[in-house]
$ cat query_10.cif   # mmCIF, C-alpha atoms
data_query
#
loop_
_atom_site.group_PDB
_atom_site.id
_atom_site.type_symbol
_atom_site.label_atom_id
_atom_site.label_comp_id
_atom_site.auth_asym_id
_atom_site.auth_seq_id
_atom_site.Cartn_x
_atom_site.Cartn_y
_atom_site.Cartn_z
ATOM 1 C CA MET Q 44 9.015 28.567 -14.253
ATOM 2 C CA THR Q 45 6.248 28.716 -11.640
ATOM 3 C CA LYS Q 46 4.877 25.317 -10.628
ATOM 4 C CA VAL Q 47 1.124 24.739 -10.671
ATOM 5 C CA ALA Q 48 -0.617 22.906 -7.828
ATOM 6 C CA VAL Q 49 -4.243 21.762 -7.936
ATOM 7 C CA ILE Q 50 -5.916 21.009 -4.602
ATOM 8 C CA THR Q 51 -9.367 19.504 -4.163
ATOM 9 C CA GLY Q 52 -11.252 20.516 -1.050
ATOM 10 C CA GLY Q 53 -8.914 23.478 -0.931
ATOM 11 C CA GLY Q 54 -11.304 25.851 0.817
ATOM 12 C CA SER Q 55 -10.987 24.656 4.410
ATOM 13 C CA GLY Q 56 -9.064 22.456 6.818
ATOM 14 C CA ILE Q 57 -6.030 20.616 5.472
ATOM 15 C CA GLY Q 58 -6.761 21.763 1.922
ATOM 16 C CA LEU Q 59 -6.800 25.443 2.871
ATOM 17 C CA SER Q 60 -3.628 25.144 4.942
ATOM 18 C CA THR Q 61 -1.852 23.375 2.086
ATOM 19 C CA SER Q 62 -3.064 25.979 -0.405
ATOM 20 C CA LYS Q 63 -1.704 28.799 1.738
ATOM 21 C CA ILE Q 64 1.646 27.085 2.338
ATOM 22 C CA LEU Q 65 2.217 26.285 -1.330
ATOM 23 C CA LYS Q 66 1.256 29.792 -2.384
ATOM 24 C CA LYS Q 67 3.782 31.251 0.063
ATOM 25 C CA GLN Q 68 6.383 28.944 -1.487
ATOM 26 C CA GLY Q 69 5.725 30.431 -4.914
ATOM 27 C CA TYR Q 70 3.340 27.916 -6.469
ATOM 28 C CA THR Q 71 0.384 28.918 -8.588
ATOM 29 C CA VAL Q 72 -2.397 27.293 -6.566
ATOM 30 C CA VAL Q 73 -5.835 26.372 -7.890
ATOM 31 C CA ALA Q 74 -8.375 25.134 -5.349
ATOM 32 C CA LEU Q 75 -11.261 22.964 -6.526
ATOM 33 C CA GLY Q 76 -14.369 22.705 -4.392
ATOM 34 C CA ARG Q 77 -18.065 23.320 -3.976
ATOM 35 C CA LYS Q 78 -17.755 26.653 -2.177
ATOM 36 C CA HIS Q 79 -15.565 29.689 -2.761
ATOM 37 C CA THR Q 80 -14.871 30.260 0.912
ATOM 38 C CA PRO Q 81 -14.057 33.618 2.528
ATOM 39 C CA GLU Q 82 -10.667 32.185 3.517
ATOM 40 C CA LEU Q 83 -9.762 31.496 -0.118
ATOM 41 C CA ILE Q 84 -10.912 34.956 -1.118
ATOM 42 C CA ALA Q 85 -8.870 36.549 1.663
ATOM 43 C CA GLU Q 86 -5.763 34.651 0.551
ATOM 44 C CA ASP Q 87 -6.411 35.489 -3.135
ATOM 45 C CA ILE Q 88 -6.161 31.802 -4.065
ATOM 46 C CA ASN Q 89 -7.529 30.761 -7.464
ATOM 47 C CA PHE Q 90 -10.780 28.828 -7.235
ATOM 48 C CA ILE Q 91 -12.861 26.692 -9.595
ATOM 49 C CA ARG Q 92 -16.231 25.386 -8.493
ATOM 50 C CA CYS Q 93 -16.180 21.620 -8.985
ATOM 51 C CA ASP Q 94 -17.934 18.504 -7.694
ATOM 52 C CA VAL Q 95 -15.131 15.934 -7.515
ATOM 53 C CA SER Q 96 -17.572 13.055 -7.922
ATOM 54 C CA SER Q 97 -18.412 14.319 -11.428
ATOM 55 C CA GLY Q 98 -16.060 13.369 -14.235
ATOM 56 C CA GLN Q 99 -17.497 16.074 -16.468
ATOM 57 C CA GLU Q 100 -16.883 18.831 -13.923
ATOM 58 C CA ILE Q 101 -13.362 17.618 -13.163
ATOM 59 C CA LYS Q 102 -12.451 17.440 -16.839
ATOM 60 C CA GLN Q 103 -13.781 20.960 -17.400
ATOM 61 C CA ALA Q 104 -11.822 22.265 -14.410
ATOM 62 C CA ILE Q 105 -8.564 20.629 -15.499
ATOM 63 C CA ASP Q 106 -9.018 21.804 -19.095
ATOM 64 C CA THR Q 107 -9.527 25.353 -17.798
ATOM 65 C CA ILE Q 108 -6.369 25.170 -15.674
ATOM 66 C CA VAL Q 109 -4.277 23.771 -18.533
ATOM 67 C CA ALA Q 110 -5.593 26.381 -20.958
ATOM 68 C CA GLU Q 111 -4.439 29.129 -18.593
ATOM 69 C CA HIS Q 112 -1.265 27.671 -17.137
ATOM 70 C CA GLY Q 113 -0.095 25.097 -19.692
ATOM 71 C CA SER Q 114 0.531 22.127 -17.398
ATOM 72 C CA ILE Q 115 0.248 20.835 -13.819
ATOM 73 C CA ASP Q 116 3.009 19.847 -11.384
ATOM 74 C CA CYS Q 117 1.127 18.818 -8.244
ATOM 75 C CA LEU Q 118 -2.311 17.283 -7.730
ATOM 76 C CA ILE Q 119 -3.456 17.030 -4.122
ATOM 77 C CA ASN Q 120 -6.590 14.918 -3.757
ATOM 78 C CA ASN Q 121 -7.783 16.216 -0.416
ATOM 79 C CA ALA Q 122 -11.593 16.463 -0.685
ATOM 80 C CA GLY Q 123 -13.389 14.017 1.577
ATOM 81 C CA VAL Q 124 -16.660 13.345 3.365
ATOM 82 C CA LEU Q 125 -17.689 11.266 6.367
ATOM 83 C CA SER Q 126 -20.959 9.461 7.046
ATOM 84 C CA TYR Q 127 -21.411 7.471 10.246
ATOM 85 C CA GLY Q 128 -22.880 3.997 10.469
ATOM 86 C CA THR Q 129 -22.042 0.318 10.638
ATOM 87 C CA ALA Q 130 -22.255 -1.903 7.560
ATOM 88 C CA VAL Q 131 -25.849 -2.668 8.623
ATOM 89 C CA GLU Q 132 -26.919 0.847 9.587
ATOM 90 C CA ILE Q 133 -25.496 3.023 6.825
ATOM 91 C CA SER Q 134 -27.823 3.611 3.904
ATOM 92 C CA GLU Q 135 -26.860 2.575 0.390
ATOM 93 C CA GLU Q 136 -27.130 6.212 -0.648
ATOM 94 C CA ASP Q 137 -24.703 7.390 2.065
ATOM 95 C CA TRP Q 138 -22.290 4.571 1.214
ATOM 96 C CA ASP Q 139 -22.327 5.542 -2.452
ATOM 97 C CA TYR Q 140 -21.826 9.229 -1.614
ATOM 98 C CA VAL Q 141 -18.749 8.529 0.519
ATOM 99 C CA MET Q 142 -17.257 6.302 -2.176
ATOM 100 C CA ALA Q 143 -18.047 8.836 -4.907
ATOM 101 C CA VAL Q 144 -16.180 11.655 -3.173
ATOM 102 C CA ASN Q 145 -13.429 9.768 -1.330
ATOM 103 C CA VAL Q 146 -12.493 7.153 -3.948
ATOM 104 C CA LYS Q 147 -14.024 8.026 -7.304
ATOM 105 C CA GLY Q 148 -12.972 11.661 -6.873
ATOM 106 C CA PRO Q 149 -9.227 10.972 -6.610
ATOM 107 C CA PHE Q 150 -9.472 8.464 -9.462
ATOM 108 C CA LEU Q 151 -11.202 10.969 -11.744
ATOM 109 C CA CYS Q 152 -8.827 13.780 -10.825
ATOM 110 C CA ALA Q 153 -5.847 11.556 -11.616
ATOM 111 C CA LYS Q 154 -7.464 10.355 -14.846
ATOM 112 C CA TYR Q 155 -7.897 13.850 -16.245
ATOM 113 C CA THR Q 156 -4.773 15.451 -14.740
ATOM 114 C CA ILE Q 157 -1.994 12.949 -15.490
ATOM 115 C CA PRO Q 158 -1.993 13.587 -19.271
ATOM 116 C CA HIS Q 159 -1.223 17.245 -18.527
ATOM 117 C CA MET Q 160 1.459 16.733 -15.878
ATOM 118 C CA ASN Q 161 5.103 17.673 -16.296
ATOM 119 C CA ASP Q 162 7.950 15.203 -15.854
ATOM 120 C CA GLY Q 163 8.673 14.912 -12.137
ATOM 121 C CA ALA Q 164 5.108 15.769 -11.135
ATOM 122 C CA ILE Q 165 3.439 14.326 -8.063
ATOM 123 C CA ILE Q 166 -0.035 13.241 -6.995
ATOM 124 C CA ILE Q 167 -0.687 13.262 -3.257
ATOM 125 C CA ASN Q 168 -3.777 11.428 -2.052
ATOM 126 C CA VAL Q 169 -4.935 12.498 1.393
ATOM 127 C CA ALA Q 170 -6.341 9.410 3.090
ATOM 128 C CA SER Q 171 -6.476 8.827 6.859
ATOM 129 C CA VAL Q 172 -5.000 6.834 9.699
ATOM 130 C CA GLN Q 173 -8.234 4.896 9.215
ATOM 131 C CA SER Q 174 -6.644 3.397 6.142
ATOM 132 C CA TYR Q 175 -4.978 1.163 8.760
ATOM 133 C CA VAL Q 176 -7.076 1.247 11.931
ATOM 134 C CA ALA Q 177 -10.719 2.133 12.486
ATOM 135 C CA GLN Q 178 -13.158 3.362 15.079
ATOM 136 C CA PRO Q 179 -16.751 2.177 15.456
ATOM 137 C CA PHE Q 180 -19.494 3.293 13.065
ATOM 138 C CA VAL Q 181 -17.318 4.406 10.120
ATOM 139 C CA ALA Q 182 -17.732 1.454 7.746
ATOM 140 C CA ALA Q 183 -17.901 3.545 4.576
ATOM 141 C CA TYR Q 184 -15.254 6.089 5.543
ATOM 142 C CA ALA Q 185 -12.642 3.543 6.684
ATOM 143 C CA THR Q 186 -13.258 1.425 3.587
ATOM 144 C CA SER Q 187 -12.868 4.433 1.292
ATOM 145 C CA LYS Q 188 -9.614 5.494 2.911
ATOM 146 C CA ALA Q 189 -8.153 1.974 2.732
ATOM 147 C CA ALA Q 190 -8.993 1.929 -0.989
ATOM 148 C CA ILE Q 191 -6.830 5.011 -1.535
ATOM 149 C CA LEU Q 192 -3.718 3.003 -0.664
ATOM 150 C CA GLY Q 193 -4.370 0.699 -3.609
ATOM 151 C CA LEU Q 194 -5.059 3.602 -5.947
ATOM 152 C CA THR Q 195 -1.794 5.245 -4.923
ATOM 153 C CA ARG Q 196 0.241 2.104 -5.562
ATOM 154 C CA THR Q 197 -1.244 1.541 -9.012
ATOM 155 C CA ILE Q 198 -0.748 5.145 -10.113
ATOM 156 C CA ALA Q 199 2.864 4.996 -8.901
ATOM 157 C CA ILE Q 200 3.500 1.782 -10.853
ATOM 158 C CA ASP Q 201 1.689 2.764 -14.029
ATOM 159 C CA PHE Q 202 3.109 6.273 -14.440
ATOM 160 C CA ALA Q 203 6.663 6.070 -13.078
ATOM 161 C CA PRO Q 204 9.086 7.664 -13.589
ATOM 162 C CA LYS Q 205 7.188 10.657 -15.005
ATOM 163 C CA VAL Q 206 4.681 10.995 -12.148
ATOM 164 C CA ARG Q 207 5.056 9.998 -8.508
ATOM 165 C CA CYS Q 208 2.109 9.198 -6.249
ATOM 166 C CA VAL Q 209 2.112 9.244 -2.447
ATOM 167 C CA THR Q 210 -0.559 8.877 0.227
ATOM 168 C CA VAL Q 211 -0.628 11.056 3.343
ATOM 169 C CA CYS Q 212 -2.611 9.581 6.231
ATOM 170 C CA PRO Q 213 -3.525 12.108 8.944
ATOM 171 C CA GLY Q 214 -4.736 11.221 12.400
ATOM 172 C CA THR Q 215 -7.345 13.370 14.123
ATOM 173 C CA ILE Q 216 -6.842 16.909 12.849
ATOM 174 C CA ASP Q 217 -8.429 20.160 14.043
ATOM 175 C CA THR Q 218 -10.632 20.867 11.014
ATOM 176 C CA PRO Q 219 -14.228 21.917 10.334
ATOM 177 C CA MET Q 220 -15.057 18.248 9.631
ATOM 178 C CA LEU Q 221 -13.926 17.342 13.148
ATOM 179 C CA HIS Q 222 -15.953 20.114 14.735
ATOM 180 C CA ASP Q 223 -19.038 19.056 12.785
ATOM 181 C CA ALA Q 224 -18.556 15.537 14.148
ATOM 182 C CA LEU Q 225 -18.094 16.816 17.708
ATOM 183 C CA LYS Q 226 -21.434 18.613 17.500
ATOM 184 C CA GLU Q 227 -23.103 15.216 17.098
ATOM 185 C CA ALA Q 228 -21.526 13.842 20.279
ATOM 186 C CA ALA Q 229 -23.504 13.653 23.525
ATOM 187 C CA ASP Q 230 -20.628 15.412 25.307
ATOM 188 C CA PRO Q 231 -18.400 17.236 22.792
ATOM 189 C CA LYS Q 232 -15.834 18.290 25.422
ATOM 190 C CA ALA Q 233 -15.458 14.731 26.708
ATOM 191 C CA MET Q 234 -15.159 13.433 23.153
ATOM 192 C CA LEU Q 235 -12.409 15.954 22.347
ATOM 193 C CA ASN Q 236 -10.529 14.962 25.504
ATOM 194 C CA GLU Q 237 -10.817 11.319 24.470
ATOM 195 C CA LEU Q 238 -9.437 12.127 21.035
ATOM 196 C CA ASN Q 239 -6.510 14.026 22.539
ATOM 197 C CA GLU Q 240 -5.667 11.113 24.820
ATOM 198 C CA SER Q 241 -5.853 8.552 22.011
ATOM 199 C CA HIS Q 242 -2.731 10.011 20.374
ATOM 200 C CA LEU Q 243 0.736 9.408 21.798
ATOM 201 C CA THR Q 244 1.243 13.167 21.530
ATOM 202 C CA LYS Q 245 -1.767 13.627 23.886
ATOM 203 C CA ARG Q 246 -3.234 16.130 21.460
ATOM 204 C CA ILE Q 247 -4.860 16.183 18.063
ATOM 205 C CA GLY Q 248 -2.993 17.585 15.097
ATOM 206 C CA GLN Q 249 -3.239 20.927 13.346
ATOM 207 C CA ALA Q 250 -3.996 21.332 9.653
ATOM 208 C CA ASP Q 251 -0.692 23.119 9.055
ATOM 209 C CA GLU Q 252 1.207 20.075 10.307
ATOM 210 C CA VAL Q 253 -0.273 18.031 7.484
ATOM 211 C CA GLY Q 254 0.013 20.871 4.978
ATOM 212 C CA GLU Q 255 3.742 21.256 5.654
ATOM 213 C CA LEU Q 256 4.301 17.556 4.961
ATOM 214 C CA ILE Q 257 2.328 17.751 1.716
ATOM 215 C CA ALA Q 258 4.286 20.808 0.618
ATOM 216 C CA PHE Q 259 7.587 19.069 1.432
ATOM 217 C CA LEU Q 260 6.581 16.033 -0.648
ATOM 218 C CA CYS Q 261 6.045 18.370 -3.606
ATOM 219 C CA THR Q 262 9.663 19.496 -3.536
ATOM 220 C CA ASP Q 263 12.664 18.068 -5.379
ATOM 221 C CA LYS Q 264 13.989 16.822 -2.025
ATOM 222 C CA CYS Q 265 11.467 13.973 -2.074
ATOM 223 C CA THR Q 266 11.865 12.550 -5.576
ATOM 224 C CA PHE Q 267 12.860 9.104 -4.233
ATOM 225 C CA ILE Q 268 9.539 8.684 -2.385
ATOM 226 C CA ASN Q 269 6.964 6.950 -4.561
ATOM 227 C CA GLY Q 270 3.998 4.622 -4.055
ATOM 228 C CA GLN Q 271 4.208 4.933 -0.273
ATOM 229 C CA SER Q 272 1.855 6.039 2.478
ATOM 230 C CA ILE Q 273 3.066 8.357 5.222
ATOM 231 C CA ARG Q 274 1.196 8.606 8.516
ATOM 232 C CA VAL Q 275 1.075 11.986 10.227
ATOM 233 C CA ASP Q 276 -1.057 10.858 13.130
ATOM 234 C CA GLY Q 277 0.609 11.564 16.459
ATOM 235 C CA GLY Q 278 1.145 7.826 16.988
ATOM 236 C CA LEU Q 279 -2.567 7.016 16.884
ATOM 237 C CA GLY Q 280 -3.347 3.316 16.898
ATOM 238 C CA ILE Q 281 0.132 1.869 17.504
ATOM 239 C CA ASP Q 282 -0.019 1.447 21.306
ATOM 240 C CA MET Q 283 -1.169 -2.050 22.314
ATOM 241 C CA GLY Q 284 -1.454 -0.993 25.943
ATOM 242 C CA GLY Q 285 -0.088 -2.928 28.881
ATOM 243 C CA SER Q 286 2.452 -2.103 31.558
ATOM 244 C CA LYS Q 287 5.746 -0.341 30.781
ATOM 245 C CA ASN Q 288 7.386 -2.051 33.766
#

$ encode --input "query_10.cif" --output "structure tokens"
Amino acid sequence: MTKVAVITGGGSGIGLSTSKILKKQGYTVVALGRKHTPELIAEDINFIRCDVSSGQEIKQAIDTIVAEHGSIDCLINNAGVLSYGTAVEISEEDWDYVMAVNVKGPFLCAKYTIPHMNDGAIIINVASVQSYVAQPFVAAYATSKAAILGLTRTIAIDFAPKVRCVTVCPGTIDTPMLHDALKEAADPKAMLNELNESHLTKRIGQADEVGELIAFLCTDKCTFINGQSIRVDGGLGIDMGGSKN
């Protein structure tokens, strides 16, 4: 029986890569998002327009998927947004928007999907290396991604053994979100070089590298992994510096 995977933010970046990988592996993939992107159309990936901060829209989307496919095996909460600013500078509206998409969205998707999941299903929450470390001016984003770790643990505890829940925490990944951020930098090339150097790999990651991990976690080879967070971050943030001599 074909497994069904639902991916939020599935139209670009990590979400698109994951959608393509899972489809090649034989899954029925349904991408949820605000825009039906040309890439999704080209790949002939199912799409439902959905604002993940809206419980009503999520419930309607999940009900539509279940009506057509019967049940769900994988939920990948990938949709995310970033607003810059310190705790003093960021507006209340921007703070609320980041929390609505990055935290409330995964909660709502889990709330309406879990009752329709098969035994052995998995929820994968895509957080960030900034669940653990942070850069300047990302108060809302770093807070939202740290919150996902708690959500993952509670879902894993409350719904085991029927449903597993795992967090994937990427480092800097070559995605449209990154390129939008680089456009705001005074010197985008210098900023990209700095990002490359900040990883032990001396490069940023590619979306497929995260997508392959997500796809692997969906397989029966990973059924003993539950309630954990896995960093796929090129070693970002673990080097304390100092001499190697």

$ residues_around --input "query_10.cif" --residues "region 275-288 of chain Q" --least-positions-apart "6" --cutoff "8 Å" --atoms "only C-alpha atoms" --output "number ranges by chain"
Q: 172, 176, 211-215, 241-244, 246-248, 253

$ resolve_selection --input "query_10.cif" --expression "the PyMOL selection byres ((chain Q and resi 83-97) around 6)" --output "MDAnalysis selection string"
chainID Q and resid 54 73:77 80:82 98:100 143:144 148

$ residues_around --input "query_10.cif" --residues "Ser60 (chain Q)" --least-positions-apart "6" --cutoff "8 Å" --atoms "only C-alpha atoms" --output "number ranges by chain"
Q: 250-251, 254

$ residues_around --input "query_10.cif" --residues "Tyr184 (chain Q)" --least-positions-apart "5" --cutoff "9 Å" --atoms "only C-alpha atoms" --output "ChimeraX atom specification"
/Q:124-127,138,141-142,145,173,189

$ resolve_selection --input "query_10.cif" --expression "the PyMOL selection byres ((chain Q and resi 150-153) around 9)" --output "VMD selection string"
chain Q and resid 51 95 to 98 101 to 102 105 118 120 146 to 149 154 to 158 166 194 198

$ residues_around --input "query_10.cif" --residues "Cys208 (chain Q)" --least-positions-apart "3" --cutoff "9 Å" --atoms "all atoms listed in the file" --output "ChimeraX atom specification"
/Q:164-168,195-200,202-203,268-271

$ axis_aligned_box --input "query_10.cif" --around "region 78-90 of chain Q" --padding-each-side "6 Å" --output "JSON"
{"center_x": -11.8, "center_y": 31.6, "center_z": -2.0, "size_x": 24.0, "size_y": 21.9, "size_z": 23.0}

$ closest_residue --input "query_10.cif" --among "Q:Ile191, Q:Leu260, Q:Val131, Q:Val72" --to "Tyr175 (chain Q)" --atoms "only C-alpha atoms"
Q:Ile191
